[in-house]
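**Student:** Quick one, entry29.cif (mmCIF, C-alpha atoms and all ligand atoms):
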```
data_entry
#
loop_
_atom_site.label_atom_id
_atom_site.label_comp_id
_atom_site.auth_asym_id
_atom_site.auth_seq_id
_atom_site.Cartn_x
_atom_site.Cartn_y
_atom_site.Cartn_z
CA MET A 85 5.89 31.80 -6.32
CA LYS A 86 5.66 28.03 -6.77
CA ALA A 87 3.97 26.04 -9.52
CA LEU A 88 2.86 22.42 -9.36
CA VAL A 89 2.69 20.42 -12.59
CA ILE A 90 0.60 17.25 -12.87
CA ALA A 91 1.20 15.12 -15.95
CA GLU A 92 0.59 11.60 -17.14
CA HIS A 93 2.97 11.50 -20.11
CA PRO A 94 6.70 12.34 -19.87
CA GLU A 95 6.60 14.71 -22.90
CA ALA A 96 3.74 16.66 -21.34
CA ALA A 97 5.56 16.69 -17.97
CA ARG A 98 8.62 18.17 -19.65
CA GLU A 99 6.68 20.83 -21.57
CA LEU A 100 4.48 21.87 -18.64
CA ALA A 101 7.45 22.00 -16.26
CA ALA A 102 9.24 24.23 -18.78
CA GLY A 103 6.15 26.43 -19.05
CA ALA A 104 5.71 26.54 -15.30
CA ARG A 105 9.23 27.97 -15.09
CA THR A 106 8.02 30.97 -17.13
CA LEU A 107 5.23 31.60 -14.59
CA ALA A 108 6.87 30.75 -11.26
CA ASP A 109 10.24 30.76 -9.48
CA GLU A 110 9.95 27.18 -8.23
CA VAL A 111 8.52 24.16 -10.01
CA ALA A 112 7.33 20.89 -8.47
CA LEU A 113 6.26 18.01 -10.69
CA VAL A 114 3.91 15.08 -10.08
CA ALA A 115 4.20 12.42 -12.77
CA PHE A 116 2.57 9.03 -13.23
CA GLY A 117 4.92 6.02 -13.50
CA GLU A 118 8.04 7.90 -14.62
CA ALA A 119 9.24 11.48 -14.36
CA PRO A 120 11.63 13.14 -16.82
CA GLU A 121 14.91 14.19 -15.23
CA ASN A 122 16.18 17.73 -14.73
CA VAL A 123 12.92 19.57 -15.35
CA ALA A 124 11.82 20.62 -11.85
CA ASP A 125 13.01 21.57 -8.37
CA ALA A 126 11.02 18.77 -6.76
CA ALA A 127 9.59 15.69 -8.47
CA TYR A 128 7.15 13.03 -7.28
CA ILE A 129 6.08 9.80 -8.92
CA VAL A 130 2.63 8.32 -8.44
CA GLU A 131 2.45 4.54 -8.91
CA VAL A 132 -1.15 3.46 -9.45
CA PRO A 133 -1.58 0.12 -7.60
CA GLU A 134 -2.76 -2.95 -9.49
CA GLY A 135 -6.56 -2.84 -9.83
CA ALA A 136 -6.78 0.87 -8.92
CA VAL A 137 -7.72 3.66 -11.34
CA ALA A 138 -5.56 6.74 -11.89
CA ASP A 139 -8.53 9.06 -11.19
CA ASP A 140 -8.27 7.90 -7.58
CA ALA A 141 -4.81 9.46 -7.27
CA TYR A 142 -6.36 12.72 -6.05
CA LEU A 143 -5.69 12.14 -2.35
CA THR A 144 -2.14 11.03 -3.12
CA ILE A 145 -1.56 14.15 -5.21
CA GLN A 146 -3.32 16.31 -2.62
CA SER A 147 -0.65 15.24 -0.13
CA VAL A 148 1.98 16.66 -2.50
CA TYR A 149 -0.13 19.77 -3.07
CA GLU A 150 -0.32 20.39 0.68
CA LYS A 151 3.41 19.87 1.09
CA GLU A 152 4.37 22.13 -1.82
CA GLN A 153 1.70 24.84 -1.31
CA PRO A 154 1.72 26.02 -4.95
CA ALA A 155 0.16 29.26 -6.14
CA VAL A 156 -0.51 27.80 -9.58
CA VAL A 157 -1.25 24.26 -10.76
CA LEU A 158 -0.77 23.26 -14.41
CA ALA A 159 -2.25 19.95 -15.55
CA GLU A 160 -2.03 17.84 -18.68
CA PRO A 161 -5.54 17.55 -20.16
CA THR A 162 -5.91 13.76 -20.09
CA ARG A 163 -9.08 12.17 -18.76
CA HIS A 164 -7.39 10.94 -15.57
CA VAL A 165 -5.51 14.15 -14.81
CA LYS A 166 -8.57 16.32 -15.52
CA SER A 167 -10.50 14.28 -13.00
CA VAL A 168 -7.73 14.68 -10.40
CA LEU A 169 -7.41 18.41 -11.06
CA GLY A 170 -11.15 19.01 -10.68
CA ARG A 171 -11.11 17.35 -7.28
CA LEU A 172 -8.01 19.24 -6.15
CA ALA A 173 -9.58 22.53 -7.22
CA ALA A 174 -12.87 21.69 -5.50
CA ALA A 175 -11.02 20.81 -2.28
CA ALA A 176 -9.31 24.21 -2.47
CA GLY A 177 -12.66 25.95 -3.06
CA ALA A 178 -11.60 27.03 -6.54
CA ALA A 179 -12.66 26.32 -10.11
CA ALA A 180 -10.26 24.93 -12.70
CA ILE A 181 -9.78 26.91 -15.90
CA THR A 182 -9.66 24.39 -18.73
CA ASP A 183 -8.34 24.20 -22.31
CA VAL A 184 -5.78 26.97 -21.83
CA THR A 185 -3.76 27.75 -24.97
CA ALA A 186 -1.78 30.80 -23.79
CA PHE A 187 -1.03 32.85 -20.70
CA GLU A 188 -1.41 36.59 -21.04
CA ASP A 189 -1.01 39.40 -18.53
CA GLY A 190 -2.90 38.25 -15.49
CA GLY A 191 -5.08 35.73 -17.31
CA ALA A 192 -5.26 32.56 -19.35
CA LEU A 193 -6.58 32.33 -22.89
CA SER A 194 -8.95 29.39 -22.94
CA LEU A 195 -11.49 27.75 -25.24
CA TYR A 196 -15.19 27.75 -24.49
CA PHE A 197 -18.49 26.55 -26.00
CA GLY A 198 -16.81 23.35 -27.14
CA GLY A 199 -13.96 25.20 -28.77
CA VAL A 200 -16.11 27.65 -30.74
CA GLY A 201 -14.71 30.67 -28.91
CA GLU A 202 -11.71 31.86 -26.90
CA ARG A 203 -11.63 34.16 -23.92
CA VAL A 204 -9.17 35.35 -21.28
CA ARG A 205 -10.10 34.10 -17.82
CA LYS A 206 -8.61 34.97 -14.47
CA ALA A 207 -8.36 32.67 -11.48
CA THR A 208 -10.55 33.88 -8.65
CA GLY A 209 -9.10 31.93 -5.71
CA ASP A 210 -5.72 32.08 -4.00
CA VAL A 211 -4.50 29.17 -6.13
CA ALA A 212 -4.99 29.03 -9.92
CA PHE A 213 -5.77 25.63 -11.49
CA TYR A 214 -5.38 25.17 -15.24
CA THR A 215 -5.47 22.37 -17.80
CA VAL A 216 -3.06 23.36 -20.53
CA ALA A 217 -3.18 22.26 -24.18
CA PRO A 218 -0.08 20.59 -25.66
CA GLY A 219 2.14 23.01 -27.57
CA THR A 220 1.28 25.99 -25.33
CA PHE A 221 4.85 26.07 -24.00
CA ALA A 222 6.56 24.44 -26.99
CA ASP A 223 9.37 27.02 -26.95
CA ALA A 224 10.05 26.99 -23.20
CA GLU A 225 13.15 25.26 -21.84
CA PRO A 226 12.89 23.08 -18.73
CA ALA A 227 15.41 23.37 -15.90
CA GLY A 228 15.90 21.79 -12.51
CA SER A 229 17.79 19.02 -10.78
CA ALA A 230 15.15 17.22 -8.75
CA VAL A 231 15.57 13.54 -8.01
CA ALA A 232 12.10 12.01 -8.19
CA GLU A 233 10.64 10.28 -5.14
CA THR A 234 7.66 7.95 -5.13
CA VAL A 235 4.66 9.20 -3.13
CA ALA A 236 2.77 6.79 -0.90
CA TRP A 237 -0.60 5.92 -2.47
CA ILE A 238 -3.60 7.13 -0.46
CA ALA A 239 -6.73 5.25 -1.48
CA PRO A 240 -10.01 7.20 -1.23
CA ALA A 241 -12.66 5.82 1.14
CA ARG A 242 -14.81 5.04 -1.91
CA SER A 243 -12.47 3.88 -4.63
CA LEU A 244 -13.32 3.34 -8.25
CA ARG A 245 -13.32 -0.33 -9.14
CA LEU A 246 -12.02 -1.58 -12.47
CA VAL A 247 -14.66 -4.03 -13.65
CA SER A 248 -13.25 -4.85 -17.07
CA SER A 249 -10.68 -3.68 -19.54
CA ARG A 250 -10.24 -4.05 -23.28
CA GLU A 251 -7.01 -4.21 -25.19
CA ARG A 252 -6.30 -1.08 -27.19
CA GLU A 253 -5.88 -1.26 -30.93
CA LYS A 254 -2.34 -2.43 -31.59
CA GLY A 255 0.08 -1.00 -34.09
CA GLY A 256 0.77 2.54 -35.15
CA ALA A 257 2.73 5.10 -33.24
CA ASP A 258 1.96 6.68 -29.88
CA LEU A 259 -0.31 9.57 -30.85
CA PHE A 260 1.37 12.00 -28.45
CA LYS A 261 4.82 11.23 -29.85
CA ALA A 262 3.95 10.70 -33.50
CA GLU A 263 5.28 13.27 -35.95
CA ALA A 264 2.46 12.36 -38.34
CA VAL A 265 -1.13 11.46 -37.54
CA VAL A 266 -3.72 10.08 -39.95
CA ALA A 267 -7.22 10.80 -38.66
CA CYS A 268 -10.36 9.08 -39.94
CA GLY A 269 -13.85 10.55 -39.96
CA ARG A 270 -17.36 9.58 -40.91
CA GLY A 271 -16.30 9.66 -44.56
CA PHE A 272 -15.29 6.02 -43.98
CA ALA A 273 -18.47 4.16 -44.82
CA GLU A 274 -17.32 0.76 -43.56
CA GLU A 275 -14.95 -0.38 -40.86
CA SER A 276 -12.86 -2.32 -43.39
CA GLU A 277 -12.07 0.96 -45.21
CA LEU A 278 -10.01 2.03 -42.20
CA ASP A 279 -7.31 -0.26 -43.58
CA LEU A 280 -6.70 2.41 -46.24
CA ALA A 281 -5.83 4.91 -43.51
CA ARG A 282 -3.82 2.28 -41.58
CA ALA A 283 -1.72 1.64 -44.69
CA LEU A 284 -0.94 5.35 -45.03
CA ALA A 285 -0.16 5.66 -41.31
CA ASP A 286 2.19 2.66 -41.50
CA LYS A 287 3.90 4.11 -44.57
CA ILE A 288 4.65 7.44 -42.90
CA ASP A 289 5.30 5.91 -39.46
CA GLY A 290 2.33 7.82 -38.11
CA GLY A 291 -0.40 7.26 -35.54
CA LEU A 292 -4.02 6.50 -36.34
CA ALA A 293 -6.64 8.79 -34.80
CA CYS A 294 -10.28 9.60 -35.56
CA SER A 295 -13.21 11.94 -35.07
CA ARG A 296 -15.65 11.25 -32.25
CA PRO A 297 -18.38 9.50 -34.27
CA LEU A 298 -15.96 6.67 -35.12
CA THR A 299 -15.63 5.84 -31.44
CA GLU A 300 -18.93 6.73 -29.84
CA GLY A 301 -21.15 6.18 -32.83
CA VAL A 302 -19.91 2.93 -34.29
CA ASP A 303 -17.08 1.84 -31.98
CA TRP A 304 -14.68 1.24 -34.89
CA MET A 305 -11.77 2.90 -33.08
CA PRO A 306 -10.82 3.09 -29.38
CA GLN A 307 -12.15 6.08 -27.44
CA SER A 308 -8.58 6.92 -26.51
CA THR A 309 -7.86 7.90 -30.13
CA TYR A 310 -10.46 10.55 -30.87
CA VAL A 311 -9.30 14.08 -31.34
CA GLY A 312 -11.09 17.25 -30.34
CA VAL A 313 -12.43 19.36 -27.55
CA SER A 314 -13.61 16.38 -25.56
CA GLY A 315 -10.84 14.07 -26.78
CA LEU A 316 -7.14 14.46 -27.52
CA THR A 317 -5.27 17.61 -28.43
CA LEU A 318 -2.42 16.66 -30.74
CA THR A 319 0.35 18.75 -32.24
CA PRO A 320 2.15 16.50 -34.75
CA LYS A 321 4.17 17.94 -37.62
CA VAL A 322 1.57 16.63 -40.09
CA TYR A 323 -2.11 15.87 -39.45
CA VAL A 324 -3.97 14.16 -42.29
CA ALA A 325 -7.74 14.60 -41.82
CA CYS A 326 -9.47 11.99 -44.00
CA GLY A 327 -13.23 12.17 -44.50
CA ILE A 328 -13.55 14.65 -41.64
CA SER A 329 -15.89 17.59 -42.19
CA GLY A 330 -13.96 20.06 -40.05
CA GLN A 331 -16.39 20.83 -37.21
CA MET A 332 -14.77 23.11 -34.65
CA GLN A 333 -15.17 20.49 -31.90
CA HIS A 334 -12.77 18.28 -33.85
CA MET A 335 -10.44 20.91 -35.28
CA VAL A 336 -9.49 22.46 -31.91
CA GLY A 337 -7.75 19.17 -31.19
CA CYS A 338 -5.49 19.35 -34.25
CA ASN A 339 -5.33 22.91 -35.52
CA ARG A 340 -2.00 23.62 -33.87
CA SER A 341 -0.30 20.82 -35.82
CA GLY A 342 2.60 21.85 -38.04
CA ALA A 343 0.46 21.33 -41.14
CA VAL A 344 -3.09 20.07 -41.58
CA PHE A 345 -3.73 18.13 -44.76
CA ALA A 346 -7.41 17.45 -45.57
CA ILE A 347 -8.97 14.92 -47.93
CA ASN A 348 -12.72 15.28 -48.48
CA LYS A 349 -14.99 14.61 -51.42
CA ASP A 350 -17.10 17.71 -50.72
CA LYS A 351 -15.29 20.83 -51.94
CA ASN A 352 -17.44 22.94 -49.60
CA ALA A 353 -16.53 20.99 -46.47
CA PRO A 354 -15.53 23.42 -43.67
CA VAL A 355 -12.25 21.57 -43.20
CA PHE A 356 -10.94 23.22 -46.38
CA LYS A 357 -11.12 26.64 -44.68
CA GLN A 358 -8.96 25.38 -41.83
CA CYS A 359 -6.31 23.24 -43.50
CA ASP A 360 -2.93 24.08 -44.97
CA TYR A 361 -3.31 21.63 -47.87
CA GLY A 362 -6.63 20.33 -49.17
CA LEU A 363 -7.43 17.63 -51.66
CA VAL A 364 -10.97 17.23 -53.02
CA GLY A 365 -11.48 13.54 -53.69
CA ASP A 366 -12.81 10.24 -52.47
CA ILE A 367 -10.70 8.67 -49.73
CA LYS A 368 -11.08 5.29 -51.45
CA ASP A 369 -9.16 6.68 -54.44
CA VAL A 370 -6.88 9.20 -52.75
CA LEU A 371 -5.55 7.14 -49.84
CA PRO A 372 -4.24 4.16 -51.88
CA ALA A 373 -2.72 6.54 -54.44
CA LEU A 374 -1.07 8.64 -51.72
CA THR A 375 0.26 5.57 -49.91
CA ALA A 376 1.66 4.17 -53.15
CA ALA A 377 3.25 7.48 -54.10
CA LEU A 378 5.08 7.97 -50.80
C1 LIG A 401 -20.24 19.11 -26.94
C2 LIG A 401 -19.68 18.42 -28.15
C3 LIG A 401 -18.37 17.95 -28.08
C4 LIG A 401 -17.83 17.30 -29.21
N1 LIG A 401 -16.54 16.87 -29.13
C5 LIG A 401 -15.98 16.32 -30.22
C6 LIG A 401 -14.60 15.94 -30.22
O1 LIG A 401 -13.89 16.08 -29.23
N2 LIG A 401 -14.09 15.39 -31.36
C7 LIG A 401 -14.83 15.21 -32.50
O2 LIG A 401 -14.29 14.72 -33.50
N3 LIG A 401 -16.13 15.57 -32.52
C8 LIG A 401 -16.72 16.11 -31.42
N4 LIG A 401 -18.04 16.46 -31.47
C9 LIG A 401 -18.81 16.12 -32.68
C10 LIG A 401 -18.58 17.15 -33.78
O3 LIG A 401 -19.46 18.23 -33.61
C11 LIG A 401 -18.84 16.55 -35.17
O4 LIG A 401 -20.13 15.98 -35.19
C12 LIG A 401 -17.84 15.47 -35.55
O5 LIG A 401 -16.52 15.94 -35.35
C13 LIG A 401 -18.04 15.12 -37.02
O6 LIG A 401 -17.20 14.04 -37.34
P1 LIG A 401 -16.80 13.81 -38.86
O7 LIG A 401 -16.16 15.02 -39.41
O8 LIG A 401 -16.03 12.53 -38.90
O9 LIG A 401 -18.21 13.48 -39.55
P2 LIG A 401 -19.11 14.36 -40.52
O10 LIG A 401 -19.34 15.72 -39.98
O11 LIG A 401 -20.30 13.51 -40.83
O12 LIG A 401 -18.21 14.51 -41.81
C14 LIG A 401 -17.90 13.47 -42.68
C15 LIG A 401 -17.17 14.09 -43.87
O13 LIG A 401 -16.71 13.05 -44.72
C16 LIG A 401 -16.86 13.48 -46.05
N5 LIG A 401 -16.93 12.26 -46.87
C17 LIG A 401 -17.96 11.36 -46.96
N6 LIG A 401 -17.61 10.33 -47.75
C18 LIG A 401 -16.34 10.58 -48.19
C19 LIG A 401 -15.45 9.90 -49.04
N7 LIG A 401 -15.76 8.71 -49.58
N8 LIG A 401 -14.25 10.47 -49.29
C20 LIG A 401 -13.91 11.68 -48.76
N9 LIG A 401 -14.71 12.37 -47.93
C21 LIG A 401 -15.91 11.82 -47.64
C22 LIG A 401 -18.13 14.29 -46.08
O14 LIG A 401 -18.10 15.21 -47.17
C23 LIG A 401 -18.05 15.00 -44.72
O15 LIG A 401 -17.45 16.27 -44.85
C24 LIG A 401 -18.60 17.11 -30.37
C25 LIG A 401 -19.92 17.59 -30.41
C26 LIG A 401 -20.44 18.23 -29.32
C27 LIG A 401 -21.85 18.74 -29.41
#
```
Could you rewrite the structure in this file as structure tokens?
**Tutor:**
Amino acid sequence: MKALVIAEHPEAARELAAGARTLADEVALVAFGEAPENVADAAYIVEVPEGAVADDAYLTIQSVYEKEQPAVVLAEPTRHVKSVLGRLAAAAGAAAITDVTAFEDGGALSLYFGGVGERVRKATGDVAFYTVAPGTFADAEPAGSAVAETVAWIAPARSLRLVSSREREKGGADLFKAEAVVACGRGFAEESELDLARALADKIDGGLACSRPLTEGVDWMPQSTYVGVSGLTLTPKVYVACGISGQMQHMVGCNRSGAVFAINKDKNAPVFKQCDYGLVGDIKDVLPALTAAL
């Protein structure tokens, strides 16, 4: 049996290729921009042309899919890759199973109702399509000796057009690589207070993330940094949730971190039932004190 892995980030490519090896005899990898070495039996690189959007890579990746004929497809759950996977699955007449956190006998454990529940789902078609949460295959070892080749870009008849772009917030670590992440929630009453979290993140060499309301409500942080069922799933060693209430839609994106540390002024906030360490206090007092103490 063959598995095809589609990933945007090299760390995810490595982990999914390692996991694919536990499910299939042969592993093919499609990566964007760069592919890690020695993780698959065949490796393909997709270069997104200037002005094009990665979501439009579906025909390019479909050409690899048709060549490799996989029985299972594992995809990194980024916005671009999810969009590609959905189209691949639709073209194959199948449905993608999303937010998978484990593979069990004959099925995949996946989140549903915005992360409120988990259930085992089985693929119904000949080919199984999954988006897989980071950390699912953390213990698997990759293997393979493929030399990556670049696939020719196939533009769809109706391509997406990039009409504008905005520079992402600078500074801080890459959230997928960071060993520590400081996440800000609606407990921050003003945008300027985010500097308190930035100072802590800088001190511990961590990344700065947030809950959804800080991106879609007030636009204080880039959309690419919100954590949760409809945002990022992160698995750093330490996740510091500051002024975040602990709604399930947020926590499913961080609850497989090594340790979750919560700071909230409400001792009854749900986050305290889901964290490893909790501190009841005002972020305006706690964050400067914590940063100074470290
Ligand atoms: C379909 C769906 C998908 C969603 N997807 C996501 C998702 O992917 N990610 C996500 O984050 N959300 C998501 N949400 C929204 C989610 O349900 C919550 O509304 C959101 O996570 C709450 O963000 P918050 O914890 O920052 O804010 P709140 O729930 O308002 O919590 C703010 C917390 O800050 C505390 N606080 C206030 N002031 C201070 C202070 N000075 N010091 C310390 N603590 C303080 C309060 O006690 C409170 O607990 C989704 C919702 C839906 C319906």
**Student:** Taking 4 positions as the minimum chain separation for residues in the same chain, which residues sit within 8 Å of stretch 331-346 of chain A when counting only C-alpha atoms? Answer as JSON, numbers by chain.
**Tutor:** {"A": [198, 199, 200, 219, 295, 296, 311, 312, 313, 314, 315, 316, 317, 318, 319, 320, 321, 322, 323, 324, 325, 326, 327, 354, 355, 356, 358, 359, 360, 361, 362, 363]}
**Student:** Okay, now the selection with C-alpha atoms, as a PDB file, keeping the file's coordinate frame?
**Tutor:**
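Result file is part-v1.pdb:
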```pdb
ATOM      1  CA  GLY A 198     -16.810  23.350 -27.140  1.00  0.00           C
ATOM      2  CA  GLY A 199     -13.960  25.200 -28.770  1.00  0.00           C
ATOM      3  CA  VAL A 200     -16.110  27.650 -30.740  1.00  0.00           C
ATOM      4  CA  GLY A 219       2.140  23.010 -27.570  1.00  0.00           C
ATOM      5  CA  SER A 295     -13.210  11.940 -35.070  1.00  0.00           C
ATOM      6  CA  ARG A 296     -15.650  11.250 -32.250  1.00  0.00           C
ATOM      7  CA  VAL A 311      -9.300  14.080 -31.340  1.00  0.00           C
ATOM      8  CA  GLY A 312     -11.090  17.250 -30.340  1.00  0.00           C
ATOM      9  CA  VAL A 313     -12.430  19.360 -27.550  1.00  0.00           C
ATOM     10  CA  SER A 314     -13.610  16.380 -25.560  1.00  0.00           C
ATOM     11  CA  GLY A 315     -10.840  14.070 -26.780  1.00  0.00           C
ATOM     12  CA  LEU A 316      -7.140  14.460 -27.520  1.00  0.00           C
ATOM     13  CA  THR A 317      -5.270  17.610 -28.430  1.00  0.00           C
ATOM     14  CA  LEU A 318      -2.420  16.660 -30.740  1.00  0.00           C
ATOM     15  CA  THR A 319       0.350  18.750 -32.240  1.00  0.00           C
ATOM     16  CA  PRO A 320       2.150  16.500 -34.750  1.00  0.00           C
ATOM     17  CA  LYS A 321       4.170  17.940 -37.620  1.00  0.00           C
ATOM     18  CA  VAL A 322       1.570  16.630 -40.090  1.00  0.00           C
ATOM     19  CA  TYR A 323      -2.110  15.870 -39.450  1.00  0.00           C
ATOM     20  CA  VAL A 324      -3.970  14.160 -42.290  1.00  0.00           C
ATOM     21  CA  ALA A 325      -7.740  14.600 -41.820  1.00  0.00           C
ATOM     22  CA  CYS A 326      -9.470  11.990 -44.000  1.00  0.00           C
ATOM     23  CA  GLY A 327     -13.230  12.170 -44.500  1.00  0.00           C
ATOM     24  CA  PRO A 354     -15.530  23.420 -43.670  1.00  0.00           C
ATOM     25  CA  VAL A 355     -12.250  21.570 -43.200  1.00  0.00           C
ATOM     26  CA  PHE A 356     -10.940  23.220 -46.380  1.00  0.00           C
ATOM     27  CA  GLN A 358      -8.960  25.380 -41.830  1.00  0.00           C
ATOM     28  CA  CYS A 359      -6.310  23.240 -43.500  1.00  0.00           C
ATOM     29  CA  ASP A 360      -2.930  24.080 -44.970  1.00  0.00           C
ATOM     30  CA  TYR A 361      -3.310  21.630 -47.870  1.00  0.00           C
ATOM     31  CA  GLY A 362      -6.630  20.330 -49.170  1.00  0.00           C
ATOM     32  CA  LEU A 363      -7.430  17.630 -51.660  1.00  0.00           C
TER      33      LEU A 363
END
```
**Student:** Quick one: distance from atom CA of A:Ala293 to atom C27 of ligand LIG 401 (chain A) in Å, one decimal?
**Tutor:** 19.0 Å
**Student:** Enclose all atoms of ligand LIG 401 (chain A) listed in the file in an axis-aligned box, grow every side by 4 Å, and hand back centre and edge lengths in Å to one decimal, as lines of an AutoDock Vina configuration file.
**Tutor:**
```
center_x = -17.9
center_y = 13.9
center_z = -38.3
size_x = 16.0
size_y = 18.4
size_z = 30.6
```
**Student:** Report the closest atom pair, with its distance in Å rounded to one decimal, for each residue of stretch 182-239 of chain A that has an atom no farther than 8 Å from stretch 116-139 of chain A; count all atoms listed in the file, sort by chain and then rising residue number, and write it as CSV.
**Tutor:**
```
residue,atom,partner,partner_atom,distance
A:Pro226,CA,A:Val123,CA,4.9
A:Ala227,CA,A:Val123,CA,4.6
A:Gly228,CA,A:Ala124,CA,4.3
A:Ser229,CA,A:Asn122,CA,4.5
A:Ala230,CA,A:Ala126,CA,4.8
A:Val231,CA,A:Ala127,CA,6.4
A:Ala232,CA,A:Ala127,CA,4.5
A:Glu233,CA,A:Tyr128,CA,4.9
A:Thr234,CA,A:Ile129,CA,4.5
A:Val235,CA,A:Val130,CA,5.8
A:Ala236,CA,A:Val130,CA,7.7
A:Trp237,CA,A:Val130,CA,7.2
```
**Student:** Record the distance separating atom CA of A:Leu284 and atom P2 of ligand LIG 401 (chain A), expressed in Å with one decimal.
**Tutor:**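 These two atoms are separated by 20.8 Å.
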**Student:** Can you pull out every residue within 9 Å of A:Ser167, counting all atoms listed in the file, but drop anything in the same chain fewer than 5 positions away, and send it as a list in words?
**Tutor:**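 With the cut-off at 9 Å, the set is Asp139, Asp140, Tyr142, Thr162 and Leu172 of chain A.
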**Student:** Measure the distance from atom CA of A:Met85 to atom CA of A:Ala178 in Å and round it to one decimal.
**Tutor:**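 So the two atoms, atom CA of A:Met85 and atom CA of A:Ala178, lie 18.1 Å apart.
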**Student:** Select, from A:Cys294, A:Val265, A:Ala377, A:Met305, the residue with the minimum atom-to-atom distance to ligand LIG 401 (chain A), counting all atoms listed in the file.
**Tutor:**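 Nearest candidate to ligand LIG 401 (chain A) out of A:Cys294, A:Val265, A:Ala377, A:Met305: A:Cys294.
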**Student:** Find the residues near A:Ile90: any atom within 8 Å, counting only C-alpha atoms, skip ones fewer than 3 places away on the same chain, and give them as a PyMOL selection string.
**Tutor:** chain A and resi 97+113-115+157-160+165
**Student:** Between A:Gly191, A:Pro297, A:Gly177, A:Gly290, which one has atoms that come closest to ligand LIG 401 (chain A), using only C-alpha atoms and all ligand atoms?
**Tutor:** A:Pro297
**Student:** Applying 10 Å and only C-alpha atoms, which residues near A:Glu202 remain after dropping the ones on its own chain fewer than 5 positions away? List them as a PyMOL selection string.
**Tutor:** chain A and resi 183-185+192-197
**Student:** Determine the nearest neighbour of A:Ala180 from the options A:Thr215, A:Ser243, A:Asn348, A:Ser147, counting only C-alpha atoms.
**Tutor:** A:Thr215
**Student:** Name the residues in contact with A:Ala104 at a cut-off of 8 Å, using all atoms listed in the file, excluding same-chain residues fewer than 6 positions from it; report them as an NGL selection string.
**Tutor:** :A and (87-89 or 111 or 158)
**Student:** Rank A:Ala241, A:Ala108, A:Ala281, A:Val168 by their smallest atom-to-atom distance to ligand LIG 401 (chain A), using only C-alpha atoms and all ligand atoms, and report the top residue only.
**Tutor:**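 Selected residue with least distance to ligand LIG 401 (chain A): A:Ala281.
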**Student:** For ligand LIG 401 (chain A), which of A:Ala155, A:Leu246, A:Ala239, A:Ala267 is the closest residue, counting only C-alpha atoms and all ligand atoms?
**Tutor:**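 Of the candidates, the smallest distance to ligand LIG 401 (chain A) is held by A:Ala267.
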**Student:** Start from the incomplete input, build N, CA and C atoms for stretch 298-309 of chain A, and deliver everything as an mmCIF file, keeping the file's coordinate frame.
**Tutor:**
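File out-v3.cif, as written:
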```cif
data_model
loop_
_atom_site.group_PDB
_atom_site.id
_atom_site.type_symbol
_atom_site.label_atom_id
_atom_site.label_comp_id
_atom_site.auth_asym_id
_atom_site.auth_seq_id
_atom_site.Cartn_x
_atom_site.Cartn_y
_atom_site.Cartn_z
ATOM 1 N N LEU A 298 -16.521 8.011 -34.854
ATOM 2 C CA LEU A 298 -15.960 6.670 -35.120
ATOM 3 C C LEU A 298 -15.695 5.896 -33.836
ATOM 4 N N THR A 299 -15.795 6.576 -32.703
ATOM 5 C CA THR A 299 -15.630 5.840 -31.440
ATOM 6 C C THR A 299 -16.981 5.695 -30.755
ATOM 7 N N GLU A 300 -17.699 6.797 -30.641
ATOM 8 C CA GLU A 300 -18.930 6.730 -29.840
ATOM 9 C C GLU A 300 -20.136 6.349 -30.680
ATOM 10 N N GLY A 301 -20.036 6.550 -31.978
ATOM 11 C CA GLY A 301 -21.150 6.180 -32.830
ATOM 12 C C GLY A 301 -21.108 4.697 -33.179
ATOM 13 N N VAL A 302 -19.962 4.295 -33.768
ATOM 14 C CA VAL A 302 -19.910 2.930 -34.290
ATOM 15 C C VAL A 302 -18.886 2.038 -33.595
ATOM 16 N N ASP A 303 -18.065 2.627 -32.733
ATOM 17 C CA ASP A 303 -17.080 1.840 -31.980
ATOM 18 C C ASP A 303 -16.059 1.143 -32.894
ATOM 19 N N TRP A 304 -15.681 1.824 -33.989
ATOM 20 C CA TRP A 304 -14.680 1.240 -34.890
ATOM 21 C C TRP A 304 -13.258 1.508 -34.390
ATOM 22 N N MET A 305 -13.108 2.544 -33.582
ATOM 23 C CA MET A 305 -11.770 2.900 -33.080
ATOM 24 C C MET A 305 -11.876 3.111 -31.573
ATOM 25 N N PRO A 306 -10.758 2.905 -30.840
ATOM 26 C CA PRO A 306 -10.820 3.090 -29.380
ATOM 27 C C PRO A 306 -11.106 4.543 -29.001
ATOM 28 N N GLN A 307 -11.822 4.721 -27.920
ATOM 29 C CA GLN A 307 -12.150 6.080 -27.440
ATOM 30 C C GLN A 307 -10.897 6.909 -27.197
ATOM 31 N N SER A 308 -9.808 6.209 -26.839
ATOM 32 C CA SER A 308 -8.580 6.920 -26.510
ATOM 33 C C SER A 308 -7.928 7.552 -27.743
ATOM 34 N N THR A 309 -8.506 7.370 -28.932
ATOM 35 C CA THR A 309 -7.860 7.900 -30.130
ATOM 36 C C THR A 309 -8.660 9.022 -30.786
#
```
